[in-house]
>>> print(open('structure30.tsv').read())   # TSV, C-alpha atoms and all ligand atoms
chain	number	residue	atom	x	y	z
A	288	MET	CA	63.96	5.66	115.04
A	289	ALA	CA	62.57	8.98	113.84
A	290	VAL	CA	64.83	12.01	114.02
A	291	VAL	CA	63.95	15.70	114.10
A	292	TYR	CA	65.66	18.45	112.20
A	293	ASN	CA	64.48	22.00	112.48
A	294	GLN	CA	64.60	25.07	110.26
A	295	LEU	CA	64.89	27.76	112.88
A	296	VAL	CA	66.50	31.09	112.16
A	297	PRO	CA	66.86	32.62	108.67
A	298	VAL	CA	70.47	33.64	107.93
A	299	LEU	CA	71.71	36.52	105.81
A	300	PHE	CA	75.34	35.59	105.08
A	301	GLY	CA	78.13	37.36	103.22
A	302	ASN	CA	80.76	40.07	103.20
A	303	GLY	CA	79.13	43.45	103.80
A	304	ALA	CA	75.87	41.93	105.09
A	305	LEU	CA	75.94	44.18	108.20
A	306	ASP	CA	75.20	47.19	105.99
A	307	LEU	CA	71.75	45.68	105.33
A	308	LEU	CA	70.94	45.66	109.06
A	309	GLY	CA	68.72	48.77	109.01
A	310	GLU	CA	66.70	47.61	106.01
A	311	LYS	CA	66.19	44.15	107.48
A	312	VAL	CA	65.10	45.54	110.86
A	313	LYS	CA	62.61	47.78	109.07
A	314	GLU	CA	61.29	44.81	107.07
A	315	LEU	CA	60.67	43.02	110.38
A	316	GLY	CA	58.62	45.98	111.60
A	317	GLY	CA	61.24	47.52	113.89
A	318	THR	CA	61.17	51.31	114.36
A	319	LYS	CA	63.07	51.69	117.66
A	320	ALA	CA	65.78	49.18	118.51
A	321	MET	CA	67.60	48.13	121.64
A	322	LEU	CA	71.13	47.89	120.24
A	323	VAL	CA	73.35	45.66	122.39
A	324	TYR	CA	77.14	45.40	122.08
A	325	ASP	CA	80.33	45.62	124.12
A	326	GLY	CA	83.39	47.82	124.31
A	327	GLY	CA	85.38	45.65	121.90
A	328	VAL	CA	82.78	45.99	119.16
A	329	LYS	CA	82.80	49.74	119.66
A	330	ALA	CA	86.61	49.91	119.52
A	331	ALA	CA	86.70	47.78	116.35
A	332	GLY	CA	84.50	50.32	114.54
A	333	ILE	CA	81.71	47.79	114.07
A	334	ALA	CA	79.16	49.53	116.29
A	335	PRO	CA	79.32	52.79	114.30
A	336	ARG	CA	78.75	50.76	111.11
A	337	ALA	CA	75.66	49.13	112.59
A	338	GLU	CA	74.41	52.48	113.85
A	339	ALA	CA	74.94	54.09	110.42
A	340	SER	CA	72.93	51.33	108.78
A	341	LEU	CA	70.07	51.89	111.23
A	342	ARG	CA	70.15	55.67	110.73
A	343	ASN	CA	70.14	55.28	106.94
A	344	ALA	CA	67.01	53.14	107.21
A	345	GLY	CA	65.33	55.58	109.60
A	346	VAL	CA	65.37	53.15	112.54
A	347	ASP	CA	65.77	54.81	115.94
A	348	PHE	CA	67.83	53.02	118.61
A	349	VAL	CA	68.90	52.96	122.25
A	350	VAL	CA	72.35	51.57	123.10
A	351	PHE	CA	73.30	49.10	125.83
A	352	ASP	CA	77.09	48.74	125.63
A	353	LYS	CA	77.94	47.24	129.01
A	354	VAL	CA	78.07	43.56	127.97
A	355	GLN	CA	80.92	41.58	129.53
A	356	SER	CA	82.09	38.09	128.68
A	357	ASP	CA	79.92	35.35	130.16
A	358	PRO	CA	77.15	37.88	130.86
A	359	ALA	CA	75.75	37.82	134.38
A	360	ASP	CA	72.05	37.72	135.22
A	361	TYR	CA	72.10	41.29	136.58
A	362	LEU	CA	73.41	42.65	133.24
A	363	VAL	CA	70.54	40.97	131.41
A	364	ASN	CA	68.07	42.46	133.89
A	365	GLU	CA	69.61	45.92	133.46
A	366	CYS	CA	69.43	45.68	129.66
A	367	GLY	CA	65.85	44.42	129.77
A	368	ALA	CA	64.75	47.21	132.13
A	369	LEU	CA	66.30	49.82	129.86
A	370	ALA	CA	64.49	48.37	126.85
A	371	VAL	CA	61.12	48.30	128.63
A	372	GLU	CA	61.59	51.87	129.80
A	373	ALA	CA	62.57	53.03	126.29
A	374	LYS	CA	59.58	51.16	124.78
A	375	VAL	CA	61.69	49.61	122.01
A	376	ASP	CA	60.03	47.38	119.43
A	377	CYS	CA	63.03	45.25	118.41
A	378	PHE	CA	66.39	44.00	119.69
A	379	ILE	CA	69.73	43.90	117.87
A	380	GLY	CA	72.78	42.13	119.25
A	381	VAL	CA	76.19	42.78	117.71
A	382	GLY	CA	79.18	40.92	119.12
A	383	GLY	CA	80.48	37.60	120.33
A	384	GLY	CA	78.38	34.95	122.01
A	385	SER	CA	78.19	36.99	125.21
A	386	SER	CA	76.51	39.95	123.52
A	387	LEU	CA	74.19	37.74	121.49
A	388	ASP	CA	73.15	35.69	124.53
A	389	CYS	CA	72.61	38.86	126.58
A	390	THR	CA	70.43	40.24	123.76
A	391	LYS	CA	68.36	37.08	123.50
A	392	ALA	CA	67.78	36.84	127.24
A	393	ALA	CA	67.05	40.56	127.71
A	394	SER	CA	64.53	40.54	124.85
A	395	LEU	CA	62.41	38.08	126.80
A	396	LEU	CA	61.91	40.68	129.51
A	397	MET	CA	59.74	42.69	127.09
A	398	ASN	CA	56.86	40.30	127.72
A	399	HIS	CA	58.03	38.28	130.73
A	400	PRO	CA	58.32	39.93	134.15
A	401	ALA	CA	61.89	40.37	135.46
A	402	PRO	CA	64.15	39.00	136.80
A	403	ILE	CA	65.59	36.67	134.17
A	404	GLU	CA	66.68	34.14	136.80
A	405	GLN	CA	63.15	32.75	137.09
A	406	TYR	CA	63.34	31.48	133.48
A	407	PHE	CA	66.49	29.38	133.90
A	408	THR	CA	65.36	25.84	133.17
A	409	ALA	CA	66.73	22.40	132.43
A	410	PRO	CA	65.21	20.61	130.65
A	411	PRO	CA	64.42	23.57	128.42
A	412	SER	CA	61.18	25.47	128.56
A	413	PHE	CA	60.91	27.58	125.41
A	414	LEU	CA	59.76	31.17	125.64
A	415	GLU	CA	58.46	33.44	122.90
A	416	CYS	CA	59.78	36.97	122.60
A	417	CYS	CA	57.14	39.50	121.49
A	418	VAL	CA	59.48	41.64	119.33
A	419	PRO	CA	61.92	40.83	116.48
A	420	VAL	CA	65.48	39.95	117.53
A	421	VAL	CA	68.33	40.32	115.01
A	422	LEU	CA	71.77	38.90	115.85
A	423	CYS	CA	75.07	39.81	114.18
A	424	PRO	CA	78.08	37.73	115.32
A	425	THR	CA	81.51	39.38	115.26
A	426	ALA	CA	83.48	36.20	115.95
A	427	ALA	CA	83.38	32.80	114.26
A	428	GLY	CA	82.57	30.55	117.18
A	429	THR	CA	79.46	30.23	119.31
A	430	GLY	CA	76.83	29.96	116.60
A	431	SER	CA	74.59	31.75	119.10
A	432	GLU	CA	72.94	33.63	116.22
A	433	VAL	CA	71.20	30.44	115.10
A	434	THR	CA	70.63	28.57	118.35
A	435	GLN	CA	67.72	28.91	120.70
A	436	VAL	CA	69.79	28.95	123.84
A	437	ALA	CA	71.18	31.93	125.75
A	438	VAL	CA	73.80	31.03	128.34
A	439	ILE	CA	73.86	33.36	131.32
A	440	THR	CA	76.22	33.31	134.29
A	441	SER	CA	74.57	33.09	137.69
A	442	SER	CA	75.88	35.79	140.03
A	443	VAL	CA	75.02	33.48	142.92
A	444	ASP	CA	77.19	30.43	142.20
A	445	HIS	CA	78.94	31.16	138.83
A	446	SER	CA	77.04	28.30	137.19
A	447	LYS	CA	75.87	28.82	133.61
A	448	PRO	CA	72.16	28.24	133.35
A	449	SER	CA	70.27	28.92	130.12
A	450	VAL	CA	67.09	30.50	128.87
A	451	PHE	CA	65.56	29.26	125.66
A	452	MET	CA	64.13	31.34	122.81
A	453	ARG	CA	64.72	31.83	119.12
A	454	SER	CA	65.79	34.97	117.30
A	455	SER	CA	64.18	36.33	114.14
A	456	LEU	CA	67.17	36.78	111.84
A	457	ALA	CA	70.93	36.19	111.86
A	458	ILE	CA	73.18	38.52	109.87
A	459	VAL	CA	76.57	36.84	109.47
A	460	ASP	CA	79.18	39.16	107.95
A	461	PRO	CA	82.68	37.61	107.85
A	462	GLU	CA	84.21	41.11	107.56
A	463	LEU	CA	83.27	41.70	111.22
A	464	THR	CA	85.80	39.05	112.28
A	465	TYR	CA	88.87	40.65	110.64
A	466	THR	CA	89.93	42.46	113.83
A	467	VAL	CA	89.54	39.48	116.18
A	468	PRO	CA	93.00	38.82	117.69
A	469	PRO	CA	94.73	35.44	117.11
A	470	ARG	CA	94.14	34.01	120.60
A	471	VAL	CA	90.42	34.78	120.46
A	472	THR	CA	90.26	33.50	116.87
A	473	ALA	CA	91.71	30.19	118.08
A	474	ASN	CA	89.46	29.87	121.12
A	475	THR	CA	86.24	30.75	119.30
A	476	GLY	CA	87.08	28.66	116.24
A	477	LEU	CA	87.76	25.65	118.43
A	478	ASP	CA	84.52	26.23	120.33
A	479	ALA	CA	82.81	25.77	116.95
A	480	PHE	CA	84.92	22.62	116.42
A	481	THR	CA	83.56	21.14	119.66
A	482	HIS	CA	79.98	22.04	118.73
A	483	ALA	CA	80.45	20.01	115.56
A	484	ALA	CA	82.26	17.10	117.26
A	485	GLU	CA	79.64	16.85	119.99
A	486	ALA	CA	76.77	17.19	117.48
A	487	ILE	CA	78.11	14.23	115.47
A	488	THR	CA	78.52	12.02	118.56
A	489	ALA	CA	75.43	13.17	120.53
A	490	LYS	CA	72.68	10.75	121.40
A	491	GLY	CA	70.30	13.16	119.65
A	492	ARG	CA	72.34	13.14	116.41
A	493	ASN	CA	70.67	13.34	113.02
A	494	PRO	CA	71.88	13.05	109.40
A	495	ARG	CA	71.58	16.73	108.51
A	496	SER	CA	73.52	17.85	111.58
A	497	GLU	CA	76.19	15.29	110.78
A	498	LEU	CA	76.57	16.66	107.27
A	499	LEU	CA	76.84	20.26	108.47
A	500	ALA	CA	79.11	19.39	111.40
A	501	LYS	CA	81.45	17.24	109.30
A	502	THR	CA	81.86	20.03	106.76
A	503	ALA	CA	82.34	22.55	109.57
A	504	ILE	CA	85.20	20.46	111.02
A	505	GLU	CA	86.84	20.15	107.59
A	506	LYS	CA	86.65	23.92	107.13
A	507	ILE	CA	87.93	24.68	110.66
A	508	THR	CA	90.84	22.26	110.26
A	509	LYS	CA	91.85	23.91	106.97
A	510	TYR	CA	91.06	27.57	107.60
A	511	LEU	CA	91.50	28.18	111.35
A	512	PRO	CA	95.32	28.10	111.11
A	513	GLN	CA	95.14	30.57	108.20
A	514	ALA	CA	92.79	32.93	110.07
A	515	TYR	CA	95.01	32.59	113.16
A	516	ASP	CA	98.13	33.50	111.16
A	517	ASP	CA	96.54	36.38	109.26
A	518	GLY	CA	93.31	37.91	110.56
A	519	LYS	CA	92.81	39.76	107.28
A	520	ASN	CA	92.83	36.58	105.18
A	521	VAL	CA	89.50	37.11	103.41
A	522	GLU	CA	88.99	33.50	102.34
A	523	ALA	CA	89.88	32.03	105.75
A	524	ARG	CA	87.60	34.43	107.62
A	525	TYR	CA	84.74	33.76	105.18
A	526	GLU	CA	85.07	29.99	105.55
A	527	MET	CA	85.43	30.18	109.33
A	528	ALA	CA	82.29	32.32	109.59
A	529	LEU	CA	80.46	29.75	107.52
A	530	ALA	CA	81.86	26.85	109.55
A	531	ALA	CA	80.89	28.37	112.91
A	532	ASN	CA	77.40	29.14	111.62
A	533	TRP	CA	76.94	25.60	110.28
A	534	ALA	CA	78.28	24.07	113.49
A	535	GLY	CA	75.73	26.24	115.32
A	536	ILE	CA	72.89	24.96	113.13
A	537	ALA	CA	74.18	21.41	113.65
A	538	PHE	CA	74.20	21.52	117.44
A	539	GLN	CA	71.01	23.55	117.60
A	540	ASP	CA	69.25	20.39	116.48
A	541	THR	CA	71.23	17.74	118.30
A	542	ASP	CA	72.51	19.72	121.28
A	543	CYS	CA	76.03	19.42	122.61
A	544	HIS	CA	76.81	16.97	125.36
A	545	LEU	CA	79.33	16.19	128.07
A	546	GLY	CA	82.14	18.39	126.67
A	547	HIS	CA	80.12	21.50	127.33
A	548	CYS	CA	79.29	20.39	130.90
A	549	MET	CA	83.01	19.77	131.47
A	550	ALA	CA	83.86	23.16	129.95
A	551	ASP	CA	81.42	24.88	132.29
A	552	GLY	CA	83.06	23.06	135.20
A	553	ILE	CA	86.41	24.56	134.19
A	554	SER	CA	84.84	27.96	133.62
A	555	ALA	CA	83.30	28.04	137.10
A	556	LYS	CA	86.70	27.39	138.69
A	557	TYR	CA	89.09	29.28	136.43
A	558	HIS	CA	86.99	31.77	134.41
A	559	THR	CA	89.01	30.87	131.32
A	560	PRO	CA	87.44	31.42	127.86
A	561	HIS	CA	84.60	29.09	126.89
A	562	GLY	CA	86.26	27.91	123.67
A	563	TYR	CA	89.47	27.03	125.49
A	564	ASN	CA	87.56	25.11	128.14
A	565	CYS	CA	85.65	23.15	125.50
A	566	ILE	CA	88.59	22.17	123.31
A	567	VAL	CA	90.94	21.23	126.12
A	568	VAL	CA	88.75	18.25	127.07
A	569	ASP	CA	87.57	17.43	123.55
A	570	PRO	CA	90.32	14.99	122.43
A	571	GLU	CA	89.90	12.72	125.47
A	572	LEU	CA	86.12	13.05	125.28
A	573	MET	CA	86.36	11.67	121.74
A	574	VAL	CA	88.55	8.80	123.02
A	575	GLU	CA	85.78	7.91	125.47
A	576	CYS	CA	83.02	8.34	122.88
A	577	ALA	CA	84.89	6.02	120.50
A	578	LYS	CA	84.21	3.12	122.90
A	579	PHE	CA	80.47	3.58	122.23
A	580	VAL	CA	80.09	5.28	118.82
A	581	PRO	CA	83.36	4.53	116.97
A	582	ASP	CA	81.85	5.15	113.53
A	583	LYS	CA	80.78	8.65	114.57
A	584	VAL	CA	84.12	9.51	116.17
A	585	LYS	CA	85.78	8.30	112.98
A	586	ILE	CA	83.79	10.94	111.05
A	587	VAL	CA	85.12	13.61	113.42
A	588	GLY	CA	88.69	12.29	113.10
A	589	ALA	CA	88.64	12.01	109.32
A	590	ALA	CA	87.23	15.55	108.99
A	591	ALA	CA	90.05	16.75	111.29
A	592	GLY	CA	92.70	15.14	109.08
A	593	ALA	CA	93.26	11.74	110.72
A	594	ARG	CA	94.05	8.92	108.31
A	595	PHE	CA	92.23	5.62	108.76
A	596	ASP	CA	93.00	2.45	106.83
A	597	GLY	CA	89.96	0.49	107.98
A	598	THR	CA	91.81	-1.82	110.36
A	599	GLU	CA	91.43	0.37	113.45
A	600	ASP	CA	89.51	-0.82	116.47
A	601	ALA	CA	87.56	1.61	118.67
A	602	ALA	CA	90.62	2.50	120.76
A	603	ALA	CA	92.71	3.26	117.68
A	604	ILE	CA	89.93	5.38	116.19
A	605	GLY	CA	89.75	7.36	119.43
A	606	LYS	CA	93.51	7.83	119.60
A	607	LYS	CA	93.94	8.88	115.96
A	608	THR	CA	91.04	11.33	116.31
A	609	ALA	CA	92.42	12.79	119.55
A	610	ASP	CA	95.88	13.16	117.99
A	611	ALA	CA	94.44	15.02	114.99
A	612	ILE	CA	92.54	17.42	117.27
A	613	ARG	CA	95.61	17.99	119.44
A	614	ALA	CA	97.69	18.76	116.33
A	615	LEU	CA	95.19	21.48	115.36
A	616	MET	CA	95.20	22.83	118.92
A	617	ARG	CA	98.99	23.07	118.95
A	618	ARG	CA	99.00	24.68	115.51
A	619	VAL	CA	96.90	27.57	116.85
A	620	GLY	CA	98.77	27.99	120.14
A	621	ILE	CA	96.39	26.35	122.62
A	622	ARG	CA	98.20	25.89	125.90
A	623	SER	CA	97.82	22.84	128.10
A	624	PRO	CA	95.98	23.18	131.42
A	625	LYS	CA	99.37	22.90	133.13
A	626	GLU	CA	100.85	25.66	130.97
A	627	SER	CA	97.77	27.73	131.80
A	628	GLY	CA	98.69	27.48	135.50
A	629	MET	CA	96.04	24.96	136.52
A	630	ALA	CA	97.02	22.41	139.16
A	631	ARG	CA	96.25	18.78	138.24
A	632	GLU	CA	94.14	18.01	141.32
A	633	ASP	CA	92.13	21.23	140.99
A	634	PHE	CA	91.55	20.59	137.30
A	635	ILE	CA	90.25	17.08	137.95
A	636	GLU	CA	88.03	18.44	140.69
A	637	CYS	CA	86.04	20.32	138.02
A	638	ALA	CA	84.28	16.96	137.53
A	639	LYS	CA	82.10	17.68	140.56
A	640	MET	CA	80.75	20.85	138.96
A	641	ALA	CA	80.39	19.16	135.57
A	642	MET	CA	78.22	16.50	137.18
A	643	GLU	CA	76.01	19.09	138.86
A	644	ILE	CA	75.19	21.33	135.92
A	645	ASP	CA	72.76	20.87	133.07
A	646	TYR	CA	71.40	17.40	133.40
A	647	GLY	CA	69.99	17.58	129.86
A	648	LEU	CA	73.40	17.92	128.20
A	649	ARG	CA	74.88	15.02	130.18
A	650	LEU	CA	71.97	12.81	129.16
A	651	ASN	CA	72.82	13.56	125.52
A	652	CYS	CA	76.26	11.94	125.88
A	653	PRO	CA	76.64	8.62	124.03
A	654	PHE	CA	77.82	6.99	127.27
A	655	GLU	CA	76.61	7.49	130.82
A	656	PRO	CA	78.78	10.08	132.56
A	657	THR	CA	79.73	9.27	136.15
A	658	LEU	CA	81.93	11.19	138.56
A	659	GLU	CA	84.53	8.49	138.01
A	660	ASN	CA	84.68	8.48	134.20
A	661	VAL	CA	84.35	12.27	133.96
A	662	SER	CA	87.23	12.67	136.43
A	663	GLU	CA	89.27	10.29	134.27
A	664	ILE	CA	88.61	12.36	131.14
A	665	TYR	CA	89.81	15.48	132.98
A	666	ALA	CA	92.90	13.63	134.22
A	667	ARG	CA	93.80	12.32	130.75
A	668	SER	CA	93.14	15.78	129.25
A	669	TYR	CA	95.65	17.16	131.74
A	670	ASP	CA	98.25	14.45	131.20
A	671	ASN	CA	98.03	13.84	127.46
A	672	TYR	CA	98.33	17.32	126.01
B	1	FE	FE	80.30	26.22	122.96
>>> encode(input="structure30.tsv", output="structure tokens")
Amino acid sequence: MAVVYNQLVPVLFGNGALDLLGEKVKELGGTKAMLVYDGGVKAAGIAPRAEASLRNAGVDFVVFDKVQSDPADYLVNECGALAVEAKVDCFIGVGGGSSLDCTKAASLLMNHPAPIEQYFTAPPSFLECCVPVVLCPTAAGTGSEVTQVAVITSSVDHSKPSVFMRSSLAIVDPELTYTVPPRVTANTGLDAFTHAAEAITAKGRNPRSELLAKTAIEKITKYLPQAYDDGKNVEARYEMALAANWAGIAFQDTDCHLGHCMADGISAKYHTPHGYNCIVVDPELMVECAKFVPDKVKIVGAAAGARFDGTEDAAAIGKKTADAIRALMRRVGIRSPKESGMAREDFIECAKMAMEIDYGLRLNCPFEPTLENVSEIYARSYDNY
């Protein structure tokens, strides 16, 4: 069977890369930017650094700094309207996945009539933005800077539909992650872990994604605890930034699968962080996947530190992999759903939402998700961690 692997978004990677923002925007033809970030980026002193780089390069800019986590459709519409009114000729997003996704979606409103809601589609319908879009992640997690999906929260039913477009350039500067607090470091790093684990086991898997995702898991397993313990650990932050970016490139090609539907089900009910929601179901998702693609789950497990002697059957591969993931989760302080205050029955009920959202992702699962087996994965995730 033929497989596809894409070369989508160029990446400028390295410590201090943000200082090249102005020059790069100018090279892309930008003269007046819509600069999108949130309060946290401002407080961390990152926004002033981005603004200084733009000023030094003679690039004018307008600021939209109202981004909130899991950005709602109305925020995207507000940002887009401001950009149209200001007649900007490029977009820059600086922040976590929420800011980057808001930037991507709002940029589409330069050449597509508002509101953004009319472009939510599954399966994806890809849209072209008419101006350059530069994305600078400040956390090692979503990989949004290199993916062509922007996840927006519907203000109608709290579901998380997507719009699809690609950005022009990613600037990944590990220094921007130094101030990310431990809890957020853990959640975002484990989001990247699940991107890699789902990319390796997805129906749409390919050899290049597997290579990137496997290396990403090895890096996350080694360096996430170090970054969690000491946010200023230069090596750990550098490797985590690389891992999250590579996991992003990996799942950009293959897509994620059921874990991200299940995470969105939890998010809709509890509004807990995306990375937490993804990782909390990941071990038992791997147990289920092992029944169908044991060799692929074994790659995930081995990269996460599980030891295999070659005698394991599918169930043993699943269990060893799940145990390795749970050990990493405990090491970086991930609480169980119960410890997070979620009631067992309510948690399992997230299966209904998971089965309603994003048909495309569920189809990419190596087994056929049903309300019954998805409910079982939630139940085991609740009981076994
Ligand atoms: Fe994710």
>>> residues_around(input="structure30.tsv", residues="A:Glu497", least_positions_apart="4", cutoff="8 Å", atoms="all atoms listed in the file", output="list in words")
Ala483, Ala486, Ile487, Arg492, Asn493, Lys501 and Ala537 of chain A
>>> closest_atom_pairs(input="structure30.tsv", of="chain A", to="ligand FE 1 (chain B)", cutoff="10 Å", atoms="all atoms listed in the file", output="Markdown table")
| residue | atom | partner | partner_atom | distance |
| --- | --- | --- | --- | --- |
| A:Gly384 | CA | B:FE1 | FE | 9.0 |
| A:Gly428 | CA | B:FE1 | FE | 7.6 |
| A:Thr429 | CA | B:FE1 | FE | 5.5 |
| A:Gly430 | CA | B:FE1 | FE | 8.2 |
| A:Ser431 | CA | B:FE1 | FE | 8.8 |
| A:Val438 | CA | B:FE1 | FE | 9.7 |
| A:Thr475 | CA | B:FE1 | FE | 8.3 |
| A:Gly476 | CA | B:FE1 | FE | 9.9 |
| A:Leu477 | CA | B:FE1 | FE | 8.7 |
| A:Asp478 | CA | B:FE1 | FE | 5.0 |
| A:Ala479 | CA | B:FE1 | FE | 6.5 |
| A:Phe480 | CA | B:FE1 | FE | 8.8 |
| A:Thr481 | CA | B:FE1 | FE | 6.9 |
| A:His482 | CA | B:FE1 | FE | 6.0 |
| A:Ala483 | CA | B:FE1 | FE | 9.7 |
| A:Glu485 | CA | B:FE1 | FE | 9.9 |
| A:Ala534 | CA | B:FE1 | FE | 9.9 |
| A:Gly535 | CA | B:FE1 | FE | 8.9 |
| A:Phe538 | CA | B:FE1 | FE | 9.5 |
| A:Cys543 | CA | B:FE1 | FE | 8.0 |
| A:Gly546 | CA | B:FE1 | FE | 8.9 |
| A:His547 | CA | B:FE1 | FE | 6.4 |
| A:Cys548 | CA | B:FE1 | FE | 9.9 |
| A:Ala550 | CA | B:FE1 | FE | 8.4 |
| A:Asp551 | CA | B:FE1 | FE | 9.5 |
| A:His561 | CA | B:FE1 | FE | 6.5 |
| A:Gly562 | CA | B:FE1 | FE | 6.2 |
| A:Tyr563 | CA | B:FE1 | FE | 9.5 |
| A:Asn564 | CA | B:FE1 | FE | 9.0 |
| A:Cys565 | CA | B:FE1 | FE | 6.7 |
| A:Ile566 | CA | B:FE1 | FE | 9.2 |
>>> atom_distance(input="structure30.tsv", atom1="atom CA of A:Thr608", atom2="atom CA of A:Ala593")
6.0 Å
>>> residues_around(input="structure30.tsv", residues="A:Arg336", least_positions_apart="6", cutoff="10 Å", atoms="all atoms listed in the file", output="PyMOL selection string")
chain A and resi 305-306+308+329+342
>>> residues_around(input="structure30.tsv", residues="A:Phe451", least_positions_apart="5", cutoff="9 Å", atoms="only C-alpha atoms", output="PyMOL selection string")
chain A and resi 391-392+406-408+411-415+434-438
>>> residues_around(input="structure30.tsv", residues="A:Leu387", least_positions_apart="2", cutoff="10 Å", atoms="only C-alpha atoms", output="PyMOL selection string")
chain A and resi 323-324+354+358+379-385+389-393+420-425+429-432+437-438+454
>>> closest_residue(input="structure30.tsv", among="A:Val350, A:Ala339, A:Ala401, A:Leu307", to="A:Asp325", atoms="only C-alpha atoms")
A:Val350
>>> atom_distance(input="structure30.tsv", atom1="atom CA of A:Ile507", atom2="atom CA of A:Ile612")
10.8 Å
>>> atom_distance(input="structure30.tsv", atom1="atom CA of A:Glu626", atom2="atom CA of A:Tyr672")
10.0 Å
>>> residues_near_point(input="structure30.tsv", point="(71.5, 27.1, 132.7)", cutoff="7 Å", atoms="all atoms listed in the file", output="number ranges by chain")
A: 407-409, 438-439, 447-450, 645
>>> closest_residue(input="structure30.tsv", among="A:Ala590, A:Met629, A:Ala641, A:Val346", to="A:Gly316", atoms="all atoms listed in the file")
A:Val346
>>> closest_atom_pairs(input="structure30.tsv", of="stretch 465-558 of chain A", to="stretch 654-669 of chain A", cutoff="12 Å", atoms="all atoms listed in the file", output="Markdown table")
| residue | atom | partner | partner_atom | distance |
| --- | --- | --- | --- | --- |
| A:Thr488 | CA | A:Phe654 | CA | 10.1 |
| A:Ala489 | CA | A:Phe654 | CA | 9.5 |
| A:Lys490 | CA | A:Phe654 | CA | 8.7 |
| A:His544 | CA | A:Pro656 | CA | 10.2 |
| A:Leu545 | CA | A:Pro656 | CA | 7.6 |
| A:Gly546 | CA | A:Val661 | CA | 9.8 |
| A:Cys548 | CA | A:Val661 | CA | 10.0 |
| A:Met549 | CA | A:Val661 | CA | 8.0 |
| A:Ala550 | CA | A:Tyr665 | CA | 10.2 |
| A:Gly552 | CA | A:Tyr665 | CA | 10.4 |
| A:Ile553 | CA | A:Tyr665 | CA | 9.8 |
>>> write_last_selection(input="structure30.tsv", atoms="C-alpha atoms", output="PDB file, in the frame of the given file")
ATOM      1  CA  THR A 488      78.520  12.020 118.560  1.00  0.00           C
ATOM      2  CA  ALA A 489      75.430  13.170 120.530  1.00  0.00           C
ATOM      3  CA  LYS A 490      72.680  10.750 121.400  1.00  0.00           C
ATOM      4  CA  HIS A 544      76.810  16.970 125.360  1.00  0.00           C
ATOM      5  CA  LEU A 545      79.330  16.190 128.070  1.00  0.00           C
ATOM      6  CA  GLY A 546      82.140  18.390 126.670  1.00  0.00           C
ATOM      7  CA  CYS A 548      79.290  20.390 130.900  1.00  0.00           C
ATOM      8  CA  MET A 549      83.010  19.770 131.470  1.00  0.00           C
ATOM      9  CA  ALA A 550      83.860  23.160 129.950  1.00  0.00           C
ATOM     10  CA  GLY A 552      83.060  23.060 135.200  1.00  0.00           C
ATOM     11  CA  ILE A 553      86.410  24.560 134.190  1.00  0.00           C
TER      12      ILE A 553
END
>>> closest_residue(input="structure30.tsv", among="A:Pro468, A:Pro402, A:Pro461, A:Pro570", to="A:Ala528", atoms="all atoms listed in the file")
A:Pro461
>>> decode(input="structure30.tsv", residues="stretch 489-516 of chain A", atoms="C-alpha atoms", output="PDB file, in the first residue's frame")
ATOM      1  CA  ALA A 489      -2.826   5.127  13.560  1.00  0.00           C
ATOM      2  CA  LYS A 490      -4.367   3.449  10.557  1.00  0.00           C
ATOM      3  CA  GLY A 491      -2.763   6.205   8.471  1.00  0.00           C
ATOM      4  CA  ARG A 492       0.732   5.501   9.861  1.00  0.00           C
ATOM      5  CA  ASN A 493       3.828   5.831   7.703  1.00  0.00           C
ATOM      6  CA  PRO A 494       7.541   5.029   8.181  1.00  0.00           C
ATOM      7  CA  ARG A 495       8.756   8.616   8.507  1.00  0.00           C
ATOM      8  CA  SER A 496       6.156   9.490  11.140  1.00  0.00           C
ATOM      9  CA  GLU A 497       7.086   6.343  13.031  1.00  0.00           C
ATOM     10  CA  LEU A 498      10.746   7.353  13.074  1.00  0.00           C
ATOM     11  CA  LEU A 499       9.984  10.878  14.298  1.00  0.00           C
ATOM     12  CA  ALA A 500       7.365   9.728  16.806  1.00  0.00           C
ATOM     13  CA  LYS A 501       9.563   6.968  18.244  1.00  0.00           C
ATOM     14  CA  THR A 502      12.421   9.416  18.784  1.00  0.00           C
ATOM     15  CA  ALA A 503       9.997  11.951  20.260  1.00  0.00           C
ATOM     16  CA  ILE A 504       8.793   9.380  22.823  1.00  0.00           C
ATOM     17  CA  GLU A 505      12.385   8.479  23.742  1.00  0.00           C
ATOM     18  CA  LYS A 506      13.201  12.157  24.268  1.00  0.00           C
ATOM     19  CA  ILE A 507      10.018  12.852  26.267  1.00  0.00           C
ATOM     20  CA  THR A 508      10.607   9.816  28.491  1.00  0.00           C
ATOM     21  CA  LYS A 509      14.162  10.969  29.236  1.00  0.00           C
ATOM     22  CA  TYR A 510      13.811  14.751  29.350  1.00  0.00           C
ATOM     23  CA  LEU A 511      10.261  15.507  30.560  1.00  0.00           C
ATOM     24  CA  PRO A 512      11.078  14.555  34.173  1.00  0.00           C
ATOM     25  CA  GLN A 513      14.168  16.797  34.010  1.00  0.00           C
ATOM     26  CA  ALA A 514      12.212  19.748  32.563  1.00  0.00           C
ATOM     27  CA  TYR A 515       9.490  19.131  35.168  1.00  0.00           C
ATOM     28  CA  ASP A 516      12.031  19.188  38.013  1.00  0.00           C
TER      29      ASP A 516
END
